[in-house]
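Asks: Next up, structure-v9.cif (mmCIF, C-alpha atoms).
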```
data_upload
loop_
_atom_site.label_atom_id
_atom_site.label_comp_id
_atom_site.auth_asym_id
_atom_site.auth_seq_id
_atom_site.Cartn_x
_atom_site.Cartn_y
_atom_site.Cartn_z
CA ASN K 421 194.83 160.43 121.40
CA ALA K 422 192.60 160.59 124.48
CA GLU K 423 192.07 164.29 123.77
CA TYR K 424 190.77 163.48 120.29
CA MET K 425 188.52 160.78 121.70
CA GLY K 426 187.20 163.20 124.31
CA ASP K 427 186.40 165.65 121.52
CA ALA K 428 184.70 162.85 119.60
CA ILE K 429 182.57 162.00 122.65
CA ASN K 430 181.48 165.63 122.90
CA ARG K 431 180.47 165.61 119.25
CA PHE K 432 178.59 162.33 119.66
CA ASN K 433 176.80 163.81 122.68
CA GLU K 434 175.67 166.71 120.50
CA ALA K 435 174.65 164.37 117.68
CA THR K 436 172.63 162.07 119.95
CA LEU K 437 170.79 165.09 121.33
CA LEU K 438 169.81 166.07 117.80
CA THR K 439 169.01 162.53 116.59
CA PRO K 440 168.38 160.34 119.63
CA ASP K 441 166.83 157.56 117.51
CA ASN K 442 170.01 156.96 115.50
CA ALA K 443 171.35 153.62 116.73
CA ASP K 444 174.59 154.01 114.76
CA LEU K 445 175.51 157.10 116.78
CA TRP K 446 174.92 155.33 120.10
CA ASP K 447 176.98 152.34 118.96
CA MET K 448 179.88 154.46 117.71
CA LYS K 449 179.87 156.46 120.93
CA ALA K 450 179.86 153.22 122.95
CA GLN K 451 182.87 151.98 120.98
CA ILE K 452 184.82 155.14 121.75
CA LEU K 453 183.87 154.91 125.43
CA LEU K 454 185.04 151.30 125.33
CA GLU K 455 188.45 152.47 124.09
CA LEU K 456 188.53 155.04 126.89
CA ARG K 457 187.55 152.33 129.42
CA GLU K 458 184.47 154.29 130.45
CA TRP K 459 182.71 150.96 130.97
CA ASP K 460 179.40 151.96 132.58
CA GLU K 461 178.60 154.72 130.12
CA ALA K 462 179.70 152.46 127.25
CA VAL K 463 177.24 149.78 128.41
CA ASP K 464 174.42 152.33 128.67
CA ASP K 465 175.04 153.64 125.16
CA ALA K 466 175.46 150.17 123.66
CA LYS K 467 172.15 149.15 125.25
CA LYS K 468 170.50 152.19 123.65
CA ALA K 469 171.77 151.09 120.24
CA VAL K 470 170.43 147.56 120.77
CA ASP K 471 167.11 148.91 122.05
CA LEU K 472 166.76 151.02 118.91
CA ASP K 473 167.70 148.18 116.54
CA ASN K 474 167.99 144.71 118.02
CA LYS K 475 168.51 143.10 114.62
CA CYS K 476 171.97 144.60 114.05
CA TRP K 477 174.68 142.12 114.99
CA ILE K 478 177.30 144.85 115.38
CA TYR K 479 175.31 146.47 118.18
CA HIS K 480 175.12 143.17 120.06
CA GLN K 481 178.86 142.68 119.56
CA THR K 482 179.61 146.14 120.95
CA LEU K 483 177.31 145.51 123.91
CA GLY K 484 179.04 142.20 124.61
CA ARG K 485 182.44 143.85 124.64
CA CYS K 486 181.18 146.59 126.95
CA LEU K 487 179.59 144.05 129.30
CA LEU K 488 182.87 142.20 129.49
CA GLY K 489 184.49 145.49 130.50
CA VAL K 490 182.17 145.85 133.48
CA GLY K 491 182.86 142.26 134.53
CA SER K 492 179.68 140.60 133.27
CA PRO K 493 180.96 137.70 131.16
CA ASN K 494 177.69 135.77 131.25
CA ASP K 495 175.76 138.76 129.91
CA ALA K 496 178.52 139.30 127.34
CA LEU K 497 178.07 135.69 126.23
CA ILE K 498 174.37 136.35 125.64
CA SER K 499 175.14 139.43 123.54
CA PHE K 500 177.80 137.65 121.50
CA SER K 501 175.46 134.69 120.99
CA ARG K 502 172.76 137.02 119.69
CA ALA K 503 175.27 138.62 117.31
CA VAL K 504 176.27 135.18 115.99
CA HIS K 505 172.62 134.21 115.60
CA LEU K 506 171.99 137.35 113.55
CA GLN K 507 175.15 137.04 111.43
CA PRO K 508 176.56 133.50 111.63
CA ASP K 509 178.97 133.92 108.71
CA VAL K 510 181.16 136.55 110.42
CA GLU K 511 184.29 134.71 111.51
CA GLU K 512 185.31 137.53 113.87
CA LEU K 513 182.25 136.87 116.01
CA TRP K 514 183.09 133.20 116.36
CA HIS K 515 186.81 133.52 117.00
CA ASP K 516 187.35 136.94 118.53
CA ASP K 517 184.22 137.15 120.64
CA LEU K 518 182.31 133.92 121.25
CA PHE K 519 185.30 131.59 121.58
CA TRP K 520 187.14 134.17 123.67
CA ILE K 521 184.25 134.68 126.11
CA TRP K 522 183.82 130.93 126.51
CA LYS K 523 187.51 130.67 127.45
CA ILE K 524 187.05 133.40 130.06
CA ILE K 525 183.94 131.79 131.56
CA LEU K 526 185.46 128.29 131.63
CA SER K 527 188.65 129.63 133.17
CA ALA K 528 186.66 131.38 135.91
CA LYS K 529 184.69 128.19 136.60
CA ASN K 530 187.90 126.18 136.84
CA GLU K 531 189.33 128.71 139.29
CA GLN K 532 186.17 128.52 141.43
CA LYS K 533 186.38 124.73 141.37
CA LYS K 534 190.02 124.80 142.49
CA GLU K 535 189.21 127.21 145.32
CA SER K 536 186.38 125.03 146.61
CA GLU K 537 188.56 121.89 146.75
#
```
Taking this structure as input, can you express it in the form of structure tokens?
Replies:
Amino acid sequence: NAEYMGDAINRFNEATLLTPDNADLWDMKAQILLELREWDEAVDDAKKAVDLDNKCWIYHQTLGRCLLGVGSPNDALISFSRAVHLQPDVEELWHDDLFWIWKIILSAKNEQKKESE
């Protein structure tokens, strides 16, 4: 499976060289990198997709998931919030992303509070 994903990344690299302004390609590549846990490169590619089209909720969702992978839950919250703002009727955003990230952030704050007591 990783071999196929590696091949897919190579093909996306070729495609983004030919059409660097195609946000869909950057987002799809970021999603594959996310599956491969190549966090930093996934964040870079997801940011490119958002930079090319900041009105697409899916790109913000992908970026949020990538940011969570690099350990930036507060930045992920911002991305998920933007996705919800752009597409508030998508239940997945509310339950799988926004609610989830809030649980992570609140849990971390509770842990910090316990450590400081």
Asks: Could you expand the PyMOL selection byres ((chain K and resi 490) around 12) into the explicit residues it covers here, written as JSON, numbers by chain?
Replies: {"K": [454, 457, 458, 459, 460, 461, 462, 463, 464, 483, 484, 485, 486, 487, 488, 489, 491, 492, 493, 494, 495, 496]}
Asks: Here is a test: counting all atoms listed in the file, which residue of K:Lys468, K:Arg431, K:Arg502, K:Lys449 is nearest to Leu518 (chain K)?
Replies: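 Under the stated criterion, the closest residue is K:Arg502.
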Asks: Can you turn the PyMOL selection byres ((chain K and resi 432-435) around 12) into a concrete residue list for this file, as a list of chain:residue names?
Replies: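 Taken over the shown coordinates, the PyMOL selection byres ((chain K and resi 432-435) around 12) returns K:Met425, K:Gly426, K:Asp427, K:Ala428, K:Ile429, K:Asn430, K:Arg431, K:Thr436, K:Leu437, K:Leu438, K:Thr439, K:Pro440, K:Asp441, K:Asn442, K:Ala443, K:Asp444, K:Leu445, K:Trp446, K:Asp447, K:Met448, K:Lys449, K:Ala450, K:Gln451, K:Ile452, K:Leu453, K:Glu461, K:Asp465.
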Asks: What separation in Å, quoted to one decimal, exists between CA of Pro508 (chain K) and CA of Val470 (chain K)?
Replies: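 Interatomic distance, CA of Pro508 (chain K) to CA of Val470 (chain K): 17.9 Å.
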Asks: Could you check how far CA of Glu531 (chain K) sits from CA of His515 (chain K), in Å to one decimal?
Replies: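 Straight-line distance from CA of Glu531 (chain K) to CA of His515 (chain K) works out to 22.9 Å.
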Asks: Counting all atoms listed in the file, which residues have an atom no more than 12 Å from (184.8, 132.5, 124.7) in the file's coordinates? Please list them as a list in words.
Replies: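 Looking at atoms near the point gives Gly484, Arg485, Leu488, Pro493, Asn494, Ala496, Leu497, Ile498, Ser499, Phe500, Ser501, Glu512, Leu513, Trp514, His515, Asp516, Asp517, Leu518, Phe519, Trp520, Ile521, Trp522, Lys523, Ile524, Ile525, Leu526, Ser527 and Ala528 of chain K.
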Asks: What gap, in Å, lies between CA of Ile478 (chain K) and CA of Leu456 (chain K)?
Replies: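 Atom-to-atom, CA of Ile478 (chain K) and CA of Leu456 (chain K) are spaced 19.0 Å apart.
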Asks: Considering all atoms listed in the file, can you say which of K:Val504, K:Lys467, K:Glu455, K:Glu535 comes closest to Ala422 (chain K)?
Replies: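 Under the stated criterion, the closest residue is K:Glu455.
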Asks: Might you spell out which residues the PyMOL selection byres ((chain K and resi 476) around 10) would select in the displayed file, as a CSV table (one decimal) with C-alpha atoms, in the coordinates of the input?
Replies:
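Now in expr_1.csv:
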```
chain,number,residue,atom,x,y,z
K,443,ALA,CA,171.4,153.6,116.7
K,444,ASP,CA,174.6,154.0,114.8
K,469,ALA,CA,171.8,151.1,120.2
K,470,VAL,CA,170.4,147.6,120.8
K,472,LEU,CA,166.8,151.0,118.9
K,473,ASP,CA,167.7,148.2,116.5
K,474,ASN,CA,168.0,144.7,118.0
K,475,LYS,CA,168.5,143.1,114.6
K,477,TRP,CA,174.7,142.1,115.0
K,478,ILE,CA,177.3,144.8,115.4
K,479,TYR,CA,175.3,146.5,118.2
K,480,HIS,CA,175.1,143.2,120.1
K,481,GLN,CA,178.9,142.7,119.6
K,502,ARG,CA,172.8,137.0,119.7
K,503,ALA,CA,175.3,138.6,117.3
K,506,LEU,CA,172.0,137.4,113.6
K,507,GLN,CA,175.2,137.0,111.4
```
Asks: Padding 8 Å on each side, edges along x, y and z: where is the centre of the box around the listed atoms of region 484-495 of chain K, and how long are its edges in Å to one decimal? Output it as AutoDock Vina command-line options.
Replies:
```
--center_x 180.1 --center_y 141.2 --center_z 129.6 --size_x 24.7 --size_y 26.8 --size_z 25.9
```
Asks: Mind writing region 471-519 of chain K to a file for me, with N, CA and C atoms, as a PDB file, in the first residue's frame?
Replies:
```pdb
ATOM      1  N   ASP K 471      -3.913  28.552  -0.343  1.00  0.00           N
ATOM      2  CA  ASP K 471      -3.458  29.808  -0.949  1.00  0.00           C
ATOM      3  C   ASP K 471      -4.045  30.002  -2.349  1.00  0.00           C
ATOM      4  N   LEU K 472      -4.180  28.906  -3.076  1.00  0.00           N
ATOM      5  CA  LEU K 472      -4.726  28.987  -4.434  1.00  0.00           C
ATOM      6  C   LEU K 472      -6.241  29.188  -4.448  1.00  0.00           C
ATOM      7  N   ASP K 473      -6.920  28.640  -3.445  1.00  0.00           N
ATOM      8  CA  ASP K 473      -8.384  28.770  -3.377  1.00  0.00           C
ATOM      9  C   ASP K 473      -8.817  28.709  -1.913  1.00  0.00           C
ATOM     10  N   ASN K 474      -8.909  29.868  -1.290  1.00  0.00           N
ATOM     11  CA  ASN K 474      -9.239  29.886   0.135  1.00  0.00           C
ATOM     12  C   ASN K 474     -10.743  29.821   0.409  1.00  0.00           C
ATOM     13  N   LYS K 475     -11.531  29.610  -0.630  1.00  0.00           N
ATOM     14  CA  LYS K 475     -12.977  29.494  -0.457  1.00  0.00           C
ATOM     15  C   LYS K 475     -13.459  28.039  -0.521  1.00  0.00           C
ATOM     16  N   CYS K 476     -12.545  27.111  -0.617  1.00  0.00           N
ATOM     17  CA  CYS K 476     -12.903  25.688  -0.666  1.00  0.00           C
ATOM     18  C   CYS K 476     -12.751  25.084   0.728  1.00  0.00           C
ATOM     19  N   TRP K 477     -13.868  24.670   1.302  1.00  0.00           N
ATOM     20  CA  TRP K 477     -13.855  24.140   2.663  1.00  0.00           C
ATOM     21  C   TRP K 477     -13.012  22.875   2.793  1.00  0.00           C
ATOM     22  N   ILE K 478     -12.976  22.072   1.749  1.00  0.00           N
ATOM     23  CA  ILE K 478     -12.211  20.823   1.805  1.00  0.00           C
ATOM     24  C   ILE K 478     -10.724  21.113   2.001  1.00  0.00           C
ATOM     25  N   TYR K 479     -10.224  22.158   1.380  1.00  0.00           N
ATOM     26  CA  TYR K 479      -8.805  22.498   1.522  1.00  0.00           C
ATOM     27  C   TYR K 479      -8.492  22.913   2.961  1.00  0.00           C
ATOM     28  N   HIS K 480      -9.394  23.656   3.568  1.00  0.00           N
ATOM     29  CA  HIS K 480      -9.197  24.053   4.971  1.00  0.00           C
ATOM     30  C   HIS K 480      -9.268  22.833   5.887  1.00  0.00           C
ATOM     31  N   GLN K 481     -10.151  21.908   5.575  1.00  0.00           N
ATOM     32  CA  GLN K 481     -10.258  20.677   6.360  1.00  0.00           C
ATOM     33  C   GLN K 481      -8.954  19.878   6.265  1.00  0.00           C
ATOM     34  N   THR K 482      -8.455  19.710   5.059  1.00  0.00           N
ATOM     35  CA  THR K 482      -7.192  18.981   4.885  1.00  0.00           C
ATOM     36  C   THR K 482      -6.069  19.662   5.643  1.00  0.00           C
ATOM     37  N   LEU K 483      -5.996  20.995   5.526  1.00  0.00           N
ATOM     38  CA  LEU K 483      -4.944  21.728   6.238  1.00  0.00           C
ATOM     39  C   LEU K 483      -5.074  21.524   7.740  1.00  0.00           C
ATOM     40  N   GLY K 484      -6.285  21.570   8.264  1.00  0.00           N
ATOM     41  CA  GLY K 484      -6.483  21.349   9.688  1.00  0.00           C
ATOM     42  C   GLY K 484      -5.979  19.986  10.129  1.00  0.00           C
ATOM     43  N   ARG K 485      -6.275  18.977   9.359  1.00  0.00           N
ATOM     44  CA  ARG K 485      -5.832  17.624   9.698  1.00  0.00           C
ATOM     45  C   ARG K 485      -4.310  17.505   9.638  1.00  0.00           C
ATOM     46  N   CYS K 486      -3.708  18.172   8.672  1.00  0.00           N
ATOM     47  CA  CYS K 486      -2.246  18.168   8.558  1.00  0.00           C
ATOM     48  C   CYS K 486      -1.610  18.914   9.736  1.00  0.00           C
ATOM     49  N   LEU K 487      -2.202  20.045  10.099  1.00  0.00           N
ATOM     50  CA  LEU K 487      -1.675  20.829  11.224  1.00  0.00           C
ATOM     51  C   LEU K 487      -1.765  20.051  12.529  1.00  0.00           C
ATOM     52  N   LEU K 488      -2.812  19.281  12.670  1.00  0.00           N
ATOM     53  CA  LEU K 488      -2.922  18.440  13.856  1.00  0.00           C
ATOM     54  C   LEU K 488      -1.796  17.414  13.870  1.00  0.00           C
ATOM     55  N   GLY K 489      -1.441  16.916  12.693  1.00  0.00           N
ATOM     56  CA  GLY K 489      -0.354  15.944  12.584  1.00  0.00           C
ATOM     57  C   GLY K 489       0.989  16.484  13.019  1.00  0.00           C
ATOM     58  N   VAL K 490       1.223  17.775  12.803  1.00  0.00           N
ATOM     59  CA  VAL K 490       2.491  18.373  13.225  1.00  0.00           C
ATOM     60  C   VAL K 490       2.422  18.911  14.649  1.00  0.00           C
ATOM     61  N   GLY K 491       1.290  18.673  15.314  1.00  0.00           N
ATOM     62  CA  GLY K 491       1.172  19.100  16.710  1.00  0.00           C
ATOM     63  C   GLY K 491       0.783  20.546  16.893  1.00  0.00           C
ATOM     64  N   SER K 492      -0.026  21.076  15.985  1.00  0.00           N
ATOM     65  CA  SER K 492      -0.495  22.464  16.084  1.00  0.00           C
ATOM     66  C   SER K 492      -2.021  22.496  16.203  1.00  0.00           C
ATOM     67  N   PRO K 493      -2.562  22.056  17.346  1.00  0.00           N
ATOM     68  CA  PRO K 493      -4.014  21.977  17.461  1.00  0.00           C
ATOM     69  C   PRO K 493      -4.723  23.334  17.368  1.00  0.00           C
ATOM     70  N   ASN K 494      -4.102  24.384  17.857  1.00  0.00           N
ATOM     71  CA  ASN K 494      -4.748  25.699  17.778  1.00  0.00           C
ATOM     72  C   ASN K 494      -4.861  26.177  16.331  1.00  0.00           C
ATOM     73  N   ASP K 495      -3.830  25.939  15.548  1.00  0.00           N
ATOM     74  CA  ASP K 495      -3.890  26.287  14.122  1.00  0.00           C
ATOM     75  C   ASP K 495      -4.883  25.385  13.392  1.00  0.00           C
ATOM     76  N   ALA K 496      -4.941  24.115  13.802  1.00  0.00           N
ATOM     77  CA  ALA K 496      -5.918  23.192  13.213  1.00  0.00           C
ATOM     78  C   ALA K 496      -7.338  23.670  13.502  1.00  0.00           C
ATOM     79  N   LEU K 497      -7.562  24.160  14.711  1.00  0.00           N
ATOM     80  CA  LEU K 497      -8.875  24.694  15.076  1.00  0.00           C
ATOM     81  C   LEU K 497      -9.273  25.840  14.156  1.00  0.00           C
ATOM     82  N   ILE K 498      -8.332  26.705  13.845  1.00  0.00           N
ATOM     83  CA  ILE K 498      -8.606  27.832  12.942  1.00  0.00           C
ATOM     84  C   ILE K 498      -8.999  27.309  11.565  1.00  0.00           C
ATOM     85  N   SER K 499      -8.263  26.335  11.063  1.00  0.00           N
ATOM     86  CA  SER K 499      -8.577  25.783   9.739  1.00  0.00           C
ATOM     87  C   SER K 499      -9.939  25.101   9.725  1.00  0.00           C
ATOM     88  N   PHE K 500     -10.226  24.315  10.749  1.00  0.00           N
ATOM     89  CA  PHE K 500     -11.527  23.646  10.814  1.00  0.00           C
ATOM     90  C   PHE K 500     -12.658  24.668  10.947  1.00  0.00           C
ATOM     91  N   SER K 501     -12.410  25.722  11.711  1.00  0.00           N
ATOM     92  CA  SER K 501     -13.429  26.769  11.870  1.00  0.00           C
ATOM     93  C   SER K 501     -13.705  27.465  10.542  1.00  0.00           C
ATOM     94  N   ARG K 502     -12.661  27.695   9.778  1.00  0.00           N
ATOM     95  CA  ARG K 502     -12.849  28.303   8.448  1.00  0.00           C
ATOM     96  C   ARG K 502     -13.647  27.363   7.543  1.00  0.00           C
ATOM     97  N   ALA K 503     -13.349  26.085   7.610  1.00  0.00           N
ATOM     98  CA  ALA K 503     -14.084  25.111   6.794  1.00  0.00           C
ATOM     99  C   ALA K 503     -15.566  25.118   7.166  1.00  0.00           C
ATOM    100  N   VAL K 504     -15.865  25.142   8.458  1.00  0.00           N
ATOM    101  CA  VAL K 504     -17.255  25.174   8.916  1.00  0.00           C
ATOM    102  C   VAL K 504     -17.933  26.460   8.483  1.00  0.00           C
ATOM    103  N   HIS K 505     -17.214  27.565   8.557  1.00  0.00           N
ATOM    104  CA  HIS K 505     -17.772  28.848   8.118  1.00  0.00           C
ATOM    105  C   HIS K 505     -18.145  28.808   6.633  1.00  0.00           C
ATOM    106  N   LEU K 506     -17.294  28.163   5.842  1.00  0.00           N
ATOM    107  CA  LEU K 506     -17.540  28.086   4.400  1.00  0.00           C
ATOM    108  C   LEU K 506     -18.641  27.083   4.044  1.00  0.00           C
ATOM    109  N   GLN K 507     -18.773  26.031   4.846  1.00  0.00           N
ATOM    110  CA  GLN K 507     -19.733  24.973   4.525  1.00  0.00           C
ATOM    111  C   GLN K 507     -20.375  24.451   5.818  1.00  0.00           C
ATOM    112  N   PRO K 508     -21.242  25.255   6.420  1.00  0.00           N
ATOM    113  CA  PRO K 508     -21.778  24.896   7.743  1.00  0.00           C
ATOM    114  C   PRO K 508     -22.711  23.691   7.758  1.00  0.00           C
ATOM    115  N   ASP K 509     -23.180  23.242   6.628  1.00  0.00           N
ATOM    116  CA  ASP K 509     -24.127  22.122   6.602  1.00  0.00           C
ATOM    117  C   ASP K 509     -23.455  20.752   6.497  1.00  0.00           C
ATOM    118  N   VAL K 510     -22.136  20.698   6.511  1.00  0.00           N
ATOM    119  CA  VAL K 510     -21.427  19.414   6.429  1.00  0.00           C
ATOM    120  C   VAL K 510     -21.210  18.882   7.845  1.00  0.00           C
ATOM    121  N   GLU K 511     -21.960  17.847   8.172  1.00  0.00           N
ATOM    122  CA  GLU K 511     -21.930  17.282   9.520  1.00  0.00           C
ATOM    123  C   GLU K 511     -20.545  16.754   9.898  1.00  0.00           C
ATOM    124  N   GLU K 512     -19.830  16.208   8.924  1.00  0.00           N
ATOM    125  CA  GLU K 512     -18.482  15.679   9.165  1.00  0.00           C
ATOM    126  C   GLU K 512     -17.573  16.741   9.762  1.00  0.00           C
ATOM    127  N   LEU K 513     -17.679  17.959   9.274  1.00  0.00           N
ATOM    128  CA  LEU K 513     -16.843  19.042   9.802  1.00  0.00           C
ATOM    129  C   LEU K 513     -17.125  19.305  11.270  1.00  0.00           C
ATOM    130  N   TRP K 514     -18.396  19.295  11.623  1.00  0.00           N
ATOM    131  CA  TRP K 514     -18.782  19.562  13.007  1.00  0.00           C
ATOM    132  C   TRP K 514     -18.350  18.435  13.937  1.00  0.00           C
ATOM    133  N   HIS K 515     -18.652  17.203  13.552  1.00  0.00           N
ATOM    134  CA  HIS K 515     -18.450  16.074  14.452  1.00  0.00           C
ATOM    135  C   HIS K 515     -17.058  15.468  14.366  1.00  0.00           C
ATOM    136  N   ASP K 516     -16.556  15.279  13.159  1.00  0.00           N
ATOM    137  CA  ASP K 516     -15.269  14.603  13.005  1.00  0.00           C
ATOM    138  C   ASP K 516     -14.083  15.531  13.170  1.00  0.00           C
ATOM    139  N   ASP K 517     -14.276  16.802  12.933  1.00  0.00           N
ATOM    140  CA  ASP K 517     -13.139  17.727  12.964  1.00  0.00           C
ATOM    141  C   ASP K 517     -13.249  18.757  14.093  1.00  0.00           C
ATOM    142  N   LEU K 518     -14.258  19.594  14.046  1.00  0.00           N
ATOM    143  CA  LEU K 518     -14.344  20.691  15.008  1.00  0.00           C
ATOM    144  C   LEU K 518     -14.547  20.183  16.441  1.00  0.00           C
ATOM    145  N   PHE K 519     -15.488  19.298  16.645  1.00  0.00           N
ATOM    146  CA  PHE K 519     -15.731  18.756  17.979  1.00  0.00           C
ATOM    147  C   PHE K 519     -14.501  18.005  18.482  1.00  0.00           C
TER     148      PHE K 519
END
```
